[in-house]
file work14.txt (compact mmCIF, C-alpha atoms)
# COMPACT_ATOMS: atom_id res chain seq x y z
CA MET A 258 14.72 82.26 -63.32
CA ARG A 259 15.05 78.53 -63.85
CA GLY A 260 18.57 77.18 -63.28
CA GLN A 261 19.84 80.15 -61.26
CA PRO A 262 20.79 79.52 -57.62
CA GLY A 263 18.57 81.20 -55.05
CA PHE A 264 19.18 82.26 -51.47
CA PHE A 265 17.91 79.01 -50.03
CA ASP A 266 20.03 76.98 -52.45
CA VAL A 267 23.18 78.67 -51.16
CA ASP A 268 22.05 78.34 -47.56
CA GLU A 269 21.33 74.65 -48.06
CA ARG A 270 24.77 74.08 -49.56
CA LEU A 271 26.44 75.83 -46.61
CA ASN A 272 24.44 73.70 -44.17
CA ARG A 273 25.60 70.65 -46.06
CA LEU A 274 29.21 71.79 -45.70
CA SER A 275 28.69 72.23 -41.97
CA ASN A 276 27.31 68.71 -41.65
CA LEU A 277 30.28 67.33 -43.55
CA GLY A 278 32.68 68.99 -41.10
CA ASP A 279 33.85 72.40 -42.32
CA HIS A 280 37.07 72.89 -40.34
CA LEU A 281 36.98 76.65 -40.91
CA GLU A 282 33.77 76.84 -38.91
CA ALA A 283 35.69 75.49 -35.94
CA PHE A 284 38.24 78.28 -36.39
CA ALA A 285 35.50 80.91 -36.49
CA VAL A 286 33.92 79.55 -33.29
CA ALA A 287 37.14 79.05 -31.32
CA VAL A 288 38.93 82.28 -32.26
CA ASP A 289 37.52 85.79 -31.94
CA PHE A 290 39.37 87.34 -34.86
CA GLU A 291 38.15 90.81 -33.89
CA MET A 292 40.78 90.81 -31.16
CA PHE A 293 43.40 91.42 -33.88
CA ARG A 294 41.70 94.45 -35.43
CA ALA A 295 43.45 97.15 -33.38
CA ASP A 296 46.91 95.67 -34.07
CA LEU A 297 46.13 95.28 -37.77
CA VAL A 298 44.83 98.82 -38.17
CA ALA A 299 47.85 100.23 -36.33
CA ALA A 300 50.26 98.22 -38.51
CA LEU A 301 48.53 99.02 -41.80
CA GLY A 302 48.11 102.74 -41.17
CA TYR A 303 44.79 102.94 -43.01
CA LEU A 304 43.45 106.43 -43.71
CA ASP A 305 40.04 107.54 -42.48
CA GLY A 306 38.64 107.68 -46.00
CA THR A 307 38.27 111.46 -46.21
CA GLN A 308 40.74 111.63 -49.09
CA GLY A 309 38.56 109.47 -51.29
CA GLY A 310 39.57 106.45 -53.32
CA ARG A 311 38.39 102.88 -53.19
CA ARG A 312 37.68 101.62 -49.70
CA PRO A 313 40.33 99.09 -48.60
CA PHE A 314 39.40 95.53 -47.76
CA ASP A 315 38.57 94.84 -44.14
CA PRO A 316 41.88 94.12 -42.31
CA VAL A 317 40.42 91.27 -40.26
CA MET A 318 39.13 89.62 -43.40
CA MET A 319 42.55 90.00 -45.03
CA PHE A 320 44.19 88.52 -41.94
CA LYS A 321 41.85 85.53 -42.22
CA ILE A 322 43.16 85.02 -45.75
CA LEU A 323 46.68 84.71 -44.32
CA VAL A 324 45.30 82.14 -41.87
CA ILE A 325 43.81 80.14 -44.75
CA ALA A 326 47.10 80.37 -46.66
CA ALA A 327 49.11 79.23 -43.64
CA MET A 328 46.89 76.21 -43.04
CA ASP A 329 47.91 74.63 -46.36
CA ASN A 330 50.88 76.81 -47.36
CA LEU A 331 48.99 78.34 -50.27
CA SER A 332 50.59 80.78 -52.65
CA ASP A 333 48.80 84.11 -53.08
CA GLU A 334 47.60 83.08 -56.54
CA ARG A 335 46.27 79.77 -55.21
CA ALA A 336 44.58 81.51 -52.29
CA GLU A 337 42.82 83.91 -54.67
CA PHE A 338 41.55 81.03 -56.79
CA LEU A 339 40.33 78.94 -53.86
CA ILE A 340 38.50 81.85 -52.24
CA ASN A 341 36.58 82.33 -55.48
CA ASP A 342 36.06 78.59 -55.83
CA ARG A 343 35.07 77.43 -52.34
CA MET A 344 31.97 78.46 -50.48
CA SER A 345 33.50 77.40 -47.18
CA PHE A 346 36.31 79.92 -47.70
CA MET A 347 33.86 82.68 -48.57
CA ARG A 348 31.76 81.96 -45.49
CA PHE A 349 34.83 82.03 -43.25
CA LEU A 350 35.83 85.39 -44.73
CA GLY A 351 32.30 86.81 -44.56
CA LEU A 352 32.01 87.16 -48.34
CA SER A 353 28.96 86.55 -50.50
CA LEU A 354 28.91 85.50 -54.12
CA ALA A 355 28.39 89.13 -55.12
CA ASP A 356 31.31 90.53 -53.09
CA ARG A 357 34.65 91.53 -54.52
CA VAL A 358 37.45 89.04 -53.70
CA PRO A 359 41.02 90.27 -53.08
CA ASP A 360 43.39 89.29 -55.85
CA ALA A 361 46.87 87.83 -55.37
CA ARG A 362 48.54 91.23 -55.59
CA THR A 363 46.32 92.64 -52.84
CA ILE A 364 47.10 89.66 -50.59
CA TRP A 365 50.83 90.13 -51.21
CA LEU A 366 50.64 93.86 -50.43
CA PHE A 367 48.73 93.18 -47.21
CA ARG A 368 51.36 90.70 -46.02
CA GLU A 369 54.12 93.08 -47.10
CA LYS A 370 52.66 95.88 -44.95
CA LEU A 371 52.52 93.57 -41.94
CA THR A 372 56.13 92.56 -42.62
CA LYS A 373 57.42 96.13 -42.77
CA ALA A 374 55.48 97.03 -39.62
CA GLY A 375 56.80 93.99 -37.73
CA ALA A 376 53.21 93.22 -36.75
CA ILE A 377 53.53 89.44 -36.45
CA ASP A 378 55.01 89.72 -32.94
CA SER A 379 52.12 91.83 -31.63
CA LEU A 380 49.53 89.57 -33.31
CA PHE A 381 51.08 86.48 -31.74
CA ALA A 382 51.28 88.19 -28.34
CA ARG A 383 47.64 89.30 -28.64
CA PHE A 384 46.42 85.73 -29.05
CA ASP A 385 48.71 84.44 -26.31
CA ALA A 386 47.22 87.02 -23.94
CA ALA A 387 43.73 85.83 -24.93
CA LEU A 388 44.73 82.25 -24.17
CA ARG A 389 45.96 83.19 -20.73
CA ALA A 390 42.79 85.19 -20.04
CA SER A 391 40.75 82.10 -20.98
CA GLY A 392 42.58 79.96 -18.41
CA PHE A 393 45.26 78.43 -20.64
CA ILE A 394 48.12 79.65 -18.47
CA ALA A 395 51.61 78.41 -19.32
CA MET A 396 52.41 75.77 -16.74
CA SER A 397 54.38 72.60 -15.96
CA GLY A 398 57.60 73.89 -17.52
CA GLN A 399 58.55 74.34 -21.15
CA ILE A 400 60.09 72.41 -24.03
CA VAL A 401 62.48 74.06 -26.48
CA ASP A 402 63.47 72.89 -29.94
CA ALA A 403 64.00 74.06 -33.52
CA THR A 404 63.26 72.74 -36.97
CA LEU A 405 64.57 73.55 -40.42
CA VAL A 406 62.18 75.18 -42.88
CA ALA A 407 63.24 74.76 -46.48
CA ALA A 408 63.28 77.58 -49.05
CA PRO A 409 63.93 77.54 -52.83
CA ARG A 410 67.59 76.72 -53.39
CA GLN A 411 69.83 79.45 -54.75
CA ARG A 412 72.19 78.54 -57.60
CA ASN A 413 75.14 80.76 -56.74
CA THR A 414 78.81 80.50 -57.58
CA GLU A 415 81.45 80.17 -54.85
CA GLU A 416 82.41 83.83 -55.27
CA GLU A 417 78.78 84.93 -54.99
CA GLN A 418 78.28 82.75 -51.93
CA LYS A 419 81.36 84.20 -50.26
CA ALA A 420 80.19 87.75 -50.94
CA ILE A 421 76.78 86.99 -49.42
CA LYS A 422 78.36 85.54 -46.26
CA ASP A 423 80.52 88.66 -45.99
CA GLY A 424 77.42 90.83 -46.17
CA ARG A 425 78.21 92.19 -49.64
CA ILE A 426 76.21 92.21 -52.86
CA PRO A 427 78.01 90.25 -55.60
CA GLU A 428 79.31 92.56 -58.32
CA ALA A 429 77.53 90.62 -61.05
CA TRP A 430 74.18 91.35 -59.39
CA GLN A 431 74.57 95.08 -58.79
CA ASP A 432 73.66 96.02 -62.36
CA HIS A 433 70.74 93.58 -62.47
CA PRO A 434 68.12 94.74 -59.93
CA ALA A 435 65.54 92.26 -61.21
CA LYS A 436 67.91 89.37 -60.53
CA LEU A 437 68.86 90.82 -57.16
CA ARG A 438 65.21 90.89 -56.08
CA GLN A 439 64.96 87.15 -56.70
CA LYS A 440 68.05 86.24 -54.67
CA ASP A 441 67.61 85.32 -51.03
CA ARG A 442 70.69 86.66 -49.26
CA ASP A 443 69.43 85.82 -45.76
CA ALA A 444 68.78 82.08 -46.05
CA ARG A 445 71.71 79.73 -45.47
CA TRP A 446 72.80 76.18 -46.18
CA THR A 447 73.19 73.64 -43.38
CA VAL A 448 73.41 69.88 -43.06
CA LYS A 449 70.74 67.87 -41.29
CA PHE A 450 71.93 64.55 -39.88
CA SER A 451 69.59 61.61 -39.59
CA LYS A 452 70.40 58.44 -37.69
CA ALA A 453 71.01 55.45 -39.95
CA LYS A 454 68.20 52.92 -39.64
CA ALA A 455 68.79 49.20 -39.40
CA LYS A 456 68.40 47.14 -42.56
CA GLU A 457 66.12 44.14 -42.88
CA ASP A 458 68.98 41.79 -41.94
CA GLY A 459 69.59 43.76 -38.73
CA SER A 460 72.79 45.45 -39.88
CA LYS A 461 73.25 49.21 -39.97
CA PRO A 462 74.87 51.40 -42.64
CA PRO A 463 78.43 52.48 -41.77
CA CYS A 464 77.42 56.13 -41.29
CA ASP A 465 74.43 58.37 -40.60
CA ILE A 466 72.59 60.21 -43.36
CA ALA A 467 73.55 63.82 -44.06
CA ILE A 468 70.95 65.91 -45.88
CA PRO A 469 71.82 69.46 -47.09
CA VAL A 470 69.04 71.98 -46.44
CA PHE A 471 68.73 75.59 -47.59
CA GLY A 472 66.42 77.94 -45.76
CA TYR A 473 65.53 79.03 -42.26
CA GLN A 474 64.85 77.74 -38.75
CA ASN A 475 61.76 77.92 -36.58
CA HIS A 476 62.78 78.07 -32.90
CA ILE A 477 59.94 77.48 -30.45
CA ALA A 478 59.23 76.99 -26.77
CA ILE A 479 55.96 75.23 -25.88
CA ASP A 480 54.42 74.94 -22.46
CA ARG A 481 54.30 71.40 -21.16
CA GLY A 482 50.82 71.83 -19.67
CA PHE A 483 48.75 72.70 -22.76
CA GLY A 484 51.24 72.42 -25.63
CA PHE A 485 50.83 75.95 -26.98
CA ILE A 486 53.76 77.74 -28.60
CA ARG A 487 54.55 80.52 -26.12
CA LYS A 488 57.78 81.92 -27.55
CA TRP A 489 59.35 81.65 -30.99
CA GLN A 490 62.08 83.05 -33.18
CA ALA A 491 63.07 82.77 -36.83
CA SER A 492 66.65 82.59 -38.08
CA ASP A 493 68.64 81.33 -41.03
CA ALA A 494 69.22 77.58 -41.21
CA ALA A 495 72.89 77.79 -40.22
CA ALA A 496 72.31 79.74 -36.99
CA TYR A 497 73.36 77.90 -33.84
CA GLU A 498 70.08 76.91 -32.22
CA GLY A 499 71.55 76.59 -28.73
CA ALA A 500 72.28 80.33 -28.56
CA ARG A 501 68.58 81.19 -29.05
CA LEU A 502 67.93 79.95 -25.52
CA ARG A 503 69.63 83.07 -24.16
CA GLU A 504 67.94 85.45 -26.63
CA GLY A 505 64.38 85.60 -25.35
CA LEU A 506 63.18 82.12 -26.31
CA LEU A 507 62.27 81.07 -22.76
CA ASP A 508 58.93 82.04 -21.22
CA LYS A 509 59.53 83.54 -17.78
CA THR A 510 55.79 83.53 -16.99
CA ASN A 511 55.55 79.73 -16.95
CA THR A 512 54.36 78.53 -13.55
CA ALA A 513 57.11 75.87 -13.42
CA SER A 514 60.83 76.42 -13.94
CA SER A 515 61.89 73.22 -15.74
CA VAL A 516 63.25 73.46 -19.29
CA TRP A 517 63.52 70.40 -21.54
CA ALA A 518 65.69 70.40 -24.66
CA ASP A 519 68.01 68.13 -26.63
CA THR A 520 71.82 68.11 -26.54
CA ALA A 521 72.09 71.06 -28.96
CA TYR A 522 71.11 73.29 -26.04
CA ARG A 523 73.60 71.80 -23.57
CA SER A 524 76.37 74.33 -23.03
CA ALA A 525 78.03 76.01 -20.08
CA ALA A 526 76.66 79.39 -21.15
CA ASN A 527 73.09 78.07 -21.28
CA GLU A 528 73.38 76.32 -17.92
CA ILE A 529 74.66 79.51 -16.27
CA PHE A 530 71.93 81.56 -17.96
CA MET A 531 69.14 79.23 -16.80
CA GLU A 532 70.44 79.06 -13.23
CA LYS A 533 70.78 82.85 -13.05
CA ASN A 534 67.22 83.39 -14.37
CA GLY A 535 65.51 80.83 -12.16
CA PHE A 536 65.13 77.99 -14.66
CA VAL A 537 65.87 74.34 -13.88
CA SER A 538 67.74 72.55 -16.65
CA ARG A 539 66.29 69.28 -17.94
CA VAL A 540 68.48 69.47 -21.04
CA HIS A 541 69.85 66.21 -22.42
CA ARG A 542 73.46 65.47 -21.56
CA LYS A 543 75.98 64.67 -24.28
CA LYS A 544 77.91 61.44 -24.62
CA PRO A 545 81.51 61.78 -23.36
CA LYS A 546 83.98 62.02 -26.23
CA GLY A 547 85.71 58.75 -26.99
CA LYS A 548 83.74 56.90 -24.31
CA PRO A 549 80.49 54.96 -24.28
CA MET A 550 77.41 56.61 -22.82
CA PRO A 551 77.16 55.73 -19.09
CA ASP A 552 73.97 53.86 -18.19
CA THR A 553 72.95 56.54 -15.71
CA LEU A 554 73.10 59.27 -18.38
CA ARG A 555 71.37 57.07 -20.92
CA ARG A 556 68.48 56.36 -18.55
CA ALA A 557 68.25 60.02 -17.52
CA ASN A 558 68.11 61.11 -21.16
CA ALA A 559 65.46 58.49 -21.88
CA GLU A 560 63.26 59.87 -19.10
CA LYS A 561 63.73 63.42 -20.39
CA SER A 562 62.84 62.28 -23.91
CA LYS A 563 59.40 61.18 -22.73
CA VAL A 564 58.66 64.85 -22.05
CA ARG A 565 60.80 66.49 -24.73
CA SER A 566 59.29 64.43 -27.55
CA ARG A 567 56.01 66.36 -27.27
CA VAL A 568 57.54 69.25 -29.17
CA GLU A 569 57.96 67.01 -32.21
CA HIS A 570 54.17 66.95 -32.62
CA VAL A 571 54.27 70.67 -33.36
CA PHE A 572 56.79 70.26 -36.15
CA ALA A 573 55.00 67.21 -37.54
CA GLU A 574 51.79 69.24 -37.82
CA GLN A 575 53.55 72.14 -39.51
CA LYS A 576 55.65 70.05 -41.88
CA ASP A 577 53.02 67.43 -42.79
CA ARG A 578 49.51 68.87 -42.66
CA MET A 579 50.42 72.54 -43.03
CA ARG A 580 53.25 71.80 -45.51
CA LEU A 581 55.36 74.66 -44.20
CA PHE A 582 57.75 75.95 -46.85
CA ILE A 583 59.23 79.42 -47.40
CA ARG A 584 58.40 80.87 -50.82
CA THR A 585 59.28 84.45 -49.94
CA ILE A 586 62.67 86.16 -50.10
CA GLY A 587 64.46 87.57 -47.07
CA VAL A 588 64.39 86.82 -43.35
CA ALA A 589 61.77 89.51 -42.59
CA ARG A 590 59.21 87.88 -44.88
CA ALA A 591 60.24 84.41 -43.73
CA LYS A 592 59.58 85.50 -40.15
CA VAL A 593 56.01 86.43 -41.06
CA LYS A 594 55.45 83.07 -42.77
CA ILE A 595 56.89 81.16 -39.81
CA GLY A 596 55.04 83.35 -37.32
CA MET A 597 51.73 82.73 -39.09
CA ALA A 598 52.41 78.98 -39.05
CA ASN A 599 53.05 79.15 -35.29
CA LEU A 600 49.92 81.23 -34.73
CA VAL A 601 47.73 78.90 -36.79
CA TYR A 602 49.16 75.94 -34.89
CA ASN A 603 47.98 77.58 -31.66
CA PHE A 604 44.53 78.05 -33.23
CA LYS A 605 44.43 74.35 -34.02
CA ARG A 606 45.67 73.42 -30.57
CA LEU A 607 42.94 75.50 -28.95
CA ILE A 608 40.26 73.75 -31.04
CA PHE A 609 41.67 70.36 -30.05
CA LEU A 610 41.70 71.19 -26.33
CA GLN A 611 38.16 72.56 -26.47
CA ARG A 612 36.92 69.39 -28.15
CA MET A 613 38.69 67.22 -25.55
CA ALA A 614 37.08 69.24 -22.75
CA ALA A 615 33.65 68.73 -24.31
CA ILE A 616 33.94 64.93 -24.35
call {"tool": "encode", "arguments": {"input": "work14.txt", "output": "structure tokens"}}
result
Amino acid sequence: MRGQPGFFDVDERLNRLSNLGDHLEAFAVAVDFEMFRADLVAALGYLDGTQGGRRPFDPVMMFKILVIAAMDNLSDERAEFLINDRMSFMRFLGLSLADRVPDARTIWLFREKLTKAGAIDSLFARFDAALRASGFIAMSGQIVDATLVAAPRQRNTEEEQKAIKDGRIPEAWQDHPAKLRQKDRDARWTVKFSKAKAKEDGSKPPCDIAIPVFGYQNHIAIDRGFGFIRKWQASDAAAYEGARLREGLLDKTNTASSVWADTAYRSAANEIFMEKNGFVSRVHRKKPKGKPMPDTLRRANAEKSKVRSRVEHVFAEQKDRMRLFIRTIGVARAKVKIGMANLVYNFKRLIFLQRMAAI
């Protein structure tokens, strides 16, 4: 019928999208998403279908939706709309114009099942194992750092805040379950300090800039050789980042023993831990209290910064292009959001390295 799109019209449009540079095609080529199927099925606990009912959406396809959402920090409602709206999204998910598209509630339930099953760790480990099998072995040492990830601010009274820190539910919330569900009792406030920049006349403000942040932290360790995130953790924003070094953040399989990090990770406990476990500390040294920084320490820190600064590219990608922000409530859900952001970063890094190798 005149005016209706035909098969070749759709195919021609998809070819046009490919010629224009569909970035999701690069994801589909670089990553074999079928490797995640076994972990997804185990986490979701799908039935065999003998009990009847509507057949659930394919778990790999649903996982791809989380990948799309993590790339641009889409809400579930926005993801549903864009899947229906964009042919590139449908092609990436293996959907045709006639196929049923998961709604926002279905996407939320899928993520919730993965959260309760703690599946993000096994999914991340699965891809890391695939990287190593492909020759991307962690080498040349590792770089450790953390970044704050903001969440919606909670408007609580001082009494409510104190009760939350003590691990109690405020009395005013106990009779209001709907309100309680919307309160994030795991996120915390902290203060981020930023060095004061020189003014146009060359003078500097009398003090650094202090910015209050409410939310969580993304702790990562990347390998110096390829720049992949090898280990990661999620915590509230107020957690001491230096302690994460001793809590499984370091990758013992790295072919080199050096560890680079900023002064937040310089402590006697961390130095003892690294020496005992075969790591060589390249952690920045702190300025002596009440004394100027010795030239030898300043030069040594400057040399370390040339290596350590590579980890900032990870956070710049996640904060700028991926617009990482926690919309969910609770540390368990925040961990899934942060874990997906780290996993998608590794997808992007793999695509970049493959393109560089092809040049």
call {"tool": "residues_around", "arguments": {"input": "work14.txt", "residues": "Arg270 in chain A", "least_positions_apart": "5", "cutoff": "10 Å", "atoms": "all atoms listed in the file", "output": "list in words"}}
result
Phe265, Ser275, Asn276, Met344 and Ser345 of chain A
call {"tool": "atom_distance", "arguments": {"input": "work14.txt", "atom1": "CA of Lys576 in chain A", "atom2": "CA of Lys592 in chain A"}}
result
16.0 Å
call {"tool": "closest_atom_pairs", "arguments": {"input": "work14.txt", "of": "range 308-345 of chain A", "to": "range 277-286 of chain A", "cutoff": "12 Å", "atoms": "all atoms listed in the file", "output": "JSON lines"}}
result
{"residue": "A:Met318", "atom": "CA", "partner": "A:Ala285", "partner_atom": "CA", "distance": 11.7}
{"residue": "A:Lys321", "atom": "CA", "partner": "A:Ala285", "partner_atom": "CA", "distance": 9.7}
{"residue": "A:Ile322", "atom": "CA", "partner": "A:Leu281", "partner_atom": "CA", "distance": 11.5}
{"residue": "A:Val324", "atom": "CA", "partner": "A:Phe284", "partner_atom": "CA", "distance": 9.7}
{"residue": "A:Ile325", "atom": "CA", "partner": "A:Leu281", "partner_atom": "CA", "distance": 8.6}
{"residue": "A:Met328", "atom": "CA", "partner": "A:Leu281", "partner_atom": "CA", "distance": 10.1}
{"residue": "A:Arg343", "atom": "CA", "partner": "A:Asp279", "partner_atom": "CA", "distance": 11.3}
{"residue": "A:Met344", "atom": "CA", "partner": "A:Asp279", "partner_atom": "CA", "distance": 10.3}
{"residue": "A:Ser345", "atom": "CA", "partner": "A:Asp279", "partner_atom": "CA", "distance": 7.0}
call {"tool": "closest_residue", "arguments": {"input": "work14.txt", "among": "A:Asp465, A:Asp441, A:Asp356, A:Asp493", "to": "Arg410 in chain A", "atoms": "only C-alpha atoms"}}
result
A:Asp441
call {"tool": "closest_residue", "arguments": {"input": "work14.txt", "among": "A:Ala429, A:Val564, A:Ala355, A:Leu607", "to": "Glu416 in chain A", "atoms": "all atoms listed in the file"}}
result
A:Ala429
call {"tool": "residues_around", "arguments": {"input": "work14.txt", "residues": "Val537 in chain A", "least_positions_apart": "5", "cutoff": "8 Å", "atoms": "all atoms listed in the file", "output": "MDAnalysis selection string"}}
result
chainID A and resid 514:516 531:532
call {"tool": "atom_distance", "arguments": {"input": "work14.txt", "atom1": "CA of Ile486 in chain A", "atom2": "CA of Asn603 in chain A"}}
result
6.5 Å
call {"tool": "closest_residue", "arguments": {"input": "work14.txt", "among": "A:Lys440, A:Ser353, A:Arg368, A:Pro549", "to": "Leu271 in chain A", "atoms": "only C-alpha atoms"}}
result
A:Ser353
call {"tool": "closest_residue", "arguments": {"input": "work14.txt", "among": "A:Val401, A:Arg438, A:Phe381, A:Phe604", "to": "Asp519 in chain A", "atoms": "all atoms listed in the file"}}
result
A:Val401
call {"tool": "closest_atom_pairs", "arguments": {"input": "work14.txt", "of": "range 395-480 of chain A", "to": "range 595-598 of chain A", "cutoff": "12 Å", "atoms": "only C-alpha atoms", "output": "tab-separated table"}}
result
residue	atom	partner	partner_atom	distance
A:Ala403	CA	A:Ile595	CA	11.9
A:Thr404	CA	A:Ile595	CA	10.9
A:Leu405	CA	A:Ile595	CA	10.8
A:Val406	CA	A:Ile595	CA	8.6
A:Ala407	CA	A:Ile595	CA	11.2
A:Ala408	CA	A:Ile595	CA	11.8
A:Gly472	CA	A:Ile595	CA	11.7
A:Tyr473	CA	A:Ile595	CA	9.2
A:Gln474	CA	A:Ile595	CA	8.7
A:Asn475	CA	A:Ile595	CA	6.7
A:His476	CA	A:Ile595	CA	9.6
A:Ile477	CA	A:Gly596	CA	10.3
call {"tool": "atom_distance", "arguments": {"input": "work14.txt", "atom1": "CA of Ala300 in chain A", "atom2": "CA of Ala374 in chain A"}}
result
5.5 Å
